[in-house]
Amino acid sequence: NFNIKEKLELGRNIHGIDVSPDGKFLYVTSGDLQEGEEFNYIMIYDTKERKIVKEIKSNSKSPAHISFSEDSKFAFVSNVMSNDISVIDTEKQEIIRTIHVGNTPNEGKLSMDGKLLYVANLMDNVLSIVDIEKESEIERIPAGKGTHGVAVTDDDKYVWTANRFSNDVTIIDLESKVVVETITTGKVPNHVFKVPNSK
């Protein structure tokens with residue numbers, strides 16, 4: 001049995017939620033698959049002070065999923081209605097740049113070496129590869145239909161994507177930039193995760 005220890009009233013729509021690797025902050029986004037000012041917020045919750053310490057109004061539309069650099073210095077937020085990624089400096093708690101990607105970007109995951117960000121684009125059926133240093137999308141790889149979730153293997157050789165519309169998971173070889181295996185799943189797979197320290 002689980003008991004709710006604390007309930008946080010945000011007064012906003014909630015789409016994505018994630019904790020920084022250092023455990024200091026919880027990021028919550030208000031995006032939706034529609035446009036409107038009320039969907040353009042990123043809220044930062046301090047886990048020690050146990051309160052919202054910053055609310056960022058994004059210039060992009062409908063922030064959704066969040067991922068962090070391993071050192072917790074940067075957060076990457078996908079904006080599903082403006083087709084871009086917001087890069088947040090977590091110390092300044094502000095958006096420092098915006099990077100254009102594919103149509104309806106959802107989950108994004110960093111490569112293990114932290115140099116690339118892989119972004120699933122739902123309506124393009126592709127995986128965007130973003131070069132963090134160059135601050136730009138450098139490639140798009142066809143994946144399954146309705147590409148939504150992303151996982152990266154520890155050796156940076158493969159990316160797995162969960163594909164909502166084709167009801168499968170694809171495995172992409174990052175050297176050849178092609179799908180090398182497709183695994184049929186149940187209906188509407190959203191996310192795929194790499195189990196830590198597993199083979």
# chains A, B, ... in the order shown; residues from 1 in each chain; ligands from 1
>>> select_by_dssp(residues="region 51-116 of chain A", states="strand (DSSP E or B)", output="PyMOL selection string")
chain A and resi 51-57+63-68+74-79+84-89+94-100+105-110+116
>>> write_last_selection(atoms="N, CA and C atoms", output="short mmCIF file (atom, residue, chain, number, x, y, z; two decimals), in the first residue's frame")
data_model
loop_
_atom_site.label_atom_id
_atom_site.label_comp_id
_atom_site.auth_asym_id
_atom_site.auth_seq_id
_atom_site.Cartn_x
_atom_site.Cartn_y
_atom_site.Cartn_z
N LYS A 51 8.95 23.54 -2.24
CA LYS A 51 8.04 24.54 -2.80
C LYS A 51 8.49 24.91 -4.21
N ILE A 52 7.56 25.48 -4.99
CA ILE A 52 7.89 26.00 -6.30
C ILE A 52 8.73 27.26 -6.12
N VAL A 53 9.95 27.25 -6.70
CA VAL A 53 10.85 28.39 -6.54
C VAL A 53 10.95 29.24 -7.81
N LYS A 54 10.46 28.71 -8.92
CA LYS A 54 10.53 29.48 -10.17
C LYS A 54 9.47 28.96 -11.12
N GLU A 55 8.85 29.88 -11.84
CA GLU A 55 7.93 29.53 -12.92
C GLU A 55 8.43 30.24 -14.16
N ILE A 56 8.78 29.47 -15.17
CA ILE A 56 9.32 30.03 -16.41
C ILE A 56 8.22 30.04 -17.45
N LYS A 57 7.93 31.22 -18.00
CA LYS A 57 6.99 31.31 -19.11
C LYS A 57 7.79 31.15 -20.39
N PRO A 63 5.42 23.18 -23.59
CA PRO A 63 6.51 22.35 -23.09
C PRO A 63 5.98 21.04 -22.54
N ALA A 64 6.68 19.94 -22.87
CA ALA A 64 6.18 18.61 -22.51
C ALA A 64 7.21 17.83 -21.70
N HIS A 65 7.99 16.98 -22.34
CA HIS A 65 8.93 16.12 -21.62
C HIS A 65 10.25 16.83 -21.32
N ILE A 66 10.88 16.41 -20.21
CA ILE A 66 12.10 17.03 -19.73
C ILE A 66 13.20 15.99 -19.61
N SER A 67 14.43 16.34 -19.95
CA SER A 67 15.58 15.50 -19.64
C SER A 67 16.70 16.42 -19.15
N PHE A 68 17.67 15.83 -18.45
CA PHE A 68 18.74 16.61 -17.84
C PHE A 68 20.11 16.09 -18.28
N PHE A 74 22.07 21.42 -17.06
CA PHE A 74 21.15 21.83 -18.12
C PHE A 74 19.92 20.92 -18.13
N ALA A 75 18.78 21.52 -18.45
CA ALA A 75 17.54 20.77 -18.68
C ALA A 75 17.14 21.00 -20.13
N PHE A 76 16.61 19.95 -20.76
CA PHE A 76 16.17 20.03 -22.15
C PHE A 76 14.67 19.72 -22.18
N VAL A 77 13.89 20.67 -22.67
CA VAL A 77 12.44 20.54 -22.64
C VAL A 77 11.90 20.54 -24.06
N SER A 78 11.14 19.50 -24.42
CA SER A 78 10.55 19.43 -25.75
C SER A 78 9.23 20.19 -25.77
N ASN A 79 9.04 20.98 -26.82
CA ASN A 79 7.83 21.80 -26.97
C ASN A 79 6.99 21.26 -28.12
N ASP A 84 10.27 22.48 -31.18
CA ASP A 84 11.61 22.85 -30.80
C ASP A 84 11.93 22.37 -29.38
N ILE A 85 13.19 22.55 -29.00
CA ILE A 85 13.69 22.17 -27.68
C ILE A 85 14.19 23.41 -26.97
N SER A 86 13.72 23.61 -25.73
CA SER A 86 14.25 24.69 -24.89
C SER A 86 15.39 24.15 -24.04
N VAL A 87 16.51 24.87 -24.04
CA VAL A 87 17.65 24.50 -23.20
C VAL A 87 17.65 25.44 -21.99
N ILE A 88 17.58 24.87 -20.79
CA ILE A 88 17.51 25.66 -19.57
C ILE A 88 18.80 25.54 -18.79
N ASP A 89 19.37 26.68 -18.41
CA ASP A 89 20.49 26.72 -17.47
C ASP A 89 19.87 26.55 -16.09
N GLU A 94 16.75 29.69 -16.22
CA GLU A 94 16.18 30.42 -17.34
C GLU A 94 16.54 29.71 -18.65
N ILE A 95 15.70 29.94 -19.66
CA ILE A 95 15.94 29.37 -20.99
C ILE A 95 17.06 30.16 -21.65
N ILE A 96 18.09 29.44 -22.12
CA ILE A 96 19.25 30.12 -22.71
C ILE A 96 19.32 29.95 -24.23
N ARG A 97 18.60 28.96 -24.77
CA ARG A 97 18.56 28.81 -26.22
C ARG A 97 17.40 27.91 -26.62
N THR A 98 17.04 27.99 -27.90
CA THR A 98 15.97 27.16 -28.45
C THR A 98 16.49 26.50 -29.72
N ILE A 99 16.25 25.19 -29.85
CA ILE A 99 16.77 24.42 -30.98
C ILE A 99 15.60 23.79 -31.74
N HIS A 100 15.50 24.06 -33.02
CA HIS A 100 14.42 23.51 -33.86
C HIS A 100 14.67 22.02 -34.11
N PRO A 105 7.77 17.16 -31.14
CA PRO A 105 8.79 16.44 -30.37
C PRO A 105 8.27 16.03 -29.00
N ASN A 106 8.56 14.81 -28.63
CA ASN A 106 8.15 14.31 -27.33
C ASN A 106 9.38 14.04 -26.48
N GLU A 107 9.64 12.79 -26.13
CA GLU A 107 10.75 12.52 -25.22
C GLU A 107 12.10 12.75 -25.90
N GLY A 108 13.05 13.27 -25.11
CA GLY A 108 14.42 13.42 -25.56
C GLY A 108 15.36 12.80 -24.55
N LYS A 109 16.43 12.16 -25.03
CA LYS A 109 17.42 11.56 -24.14
C LYS A 109 18.81 11.89 -24.64
N LEU A 110 19.70 12.20 -23.69
CA LEU A 110 21.08 12.48 -24.04
C LEU A 110 21.87 11.20 -24.29
N LEU A 116 25.22 14.47 -27.52
CA LEU A 116 24.08 14.49 -28.43
C LEU A 116 22.78 14.33 -27.66
#
>>> residues_around(residues="Met43 (chain A)", least_positions_apart="2", cutoff="10 Å", atoms="only C-alpha atoms", output="list in words")
Leu10, Arg12, Ile14, Ile17, Phe25, Leu26, Tyr27, Val28, Thr29, Ser30, Tyr41, Tyr45, Asp46, Ile52, Val53, Lys54, Glu55, Ile56, Lys57 and Gln93 of chain A
>>> atom_distance(atom1="CA of Asp32 (chain A)", atom2="CA of Ser82 (chain A)")
11.4 Å
>>> residues_around(residues="region 158-167 of chain A", least_positions_apart="6", cutoff="12 Å", atoms="only C-alpha atoms", output="PyMOL selection string")
chain A and resi 106-112+116-129+141-152+173-194
>>> closest_residue(among="A:Arg140, A:Lys92, A:Lys48, A:Lys24", to="Asp71 (chain A)", atoms="only C-alpha atoms")
A:Lys24
>>> atom_distance(atom1="CA of Ile172 (chain A)", atom2="CA of Gly16 (chain A)")
25.0 Å
>>> closest_residue(among="A:Val19, A:Ile138, A:Val80, A:Leu8", to="Asn40 (chain A)", atoms="only C-alpha atoms")
A:Val80
>>> atom_distance(atom1="CA of Gly102 (chain A)", atom2="CA of Asp22 (chain A)")
29.7 Å
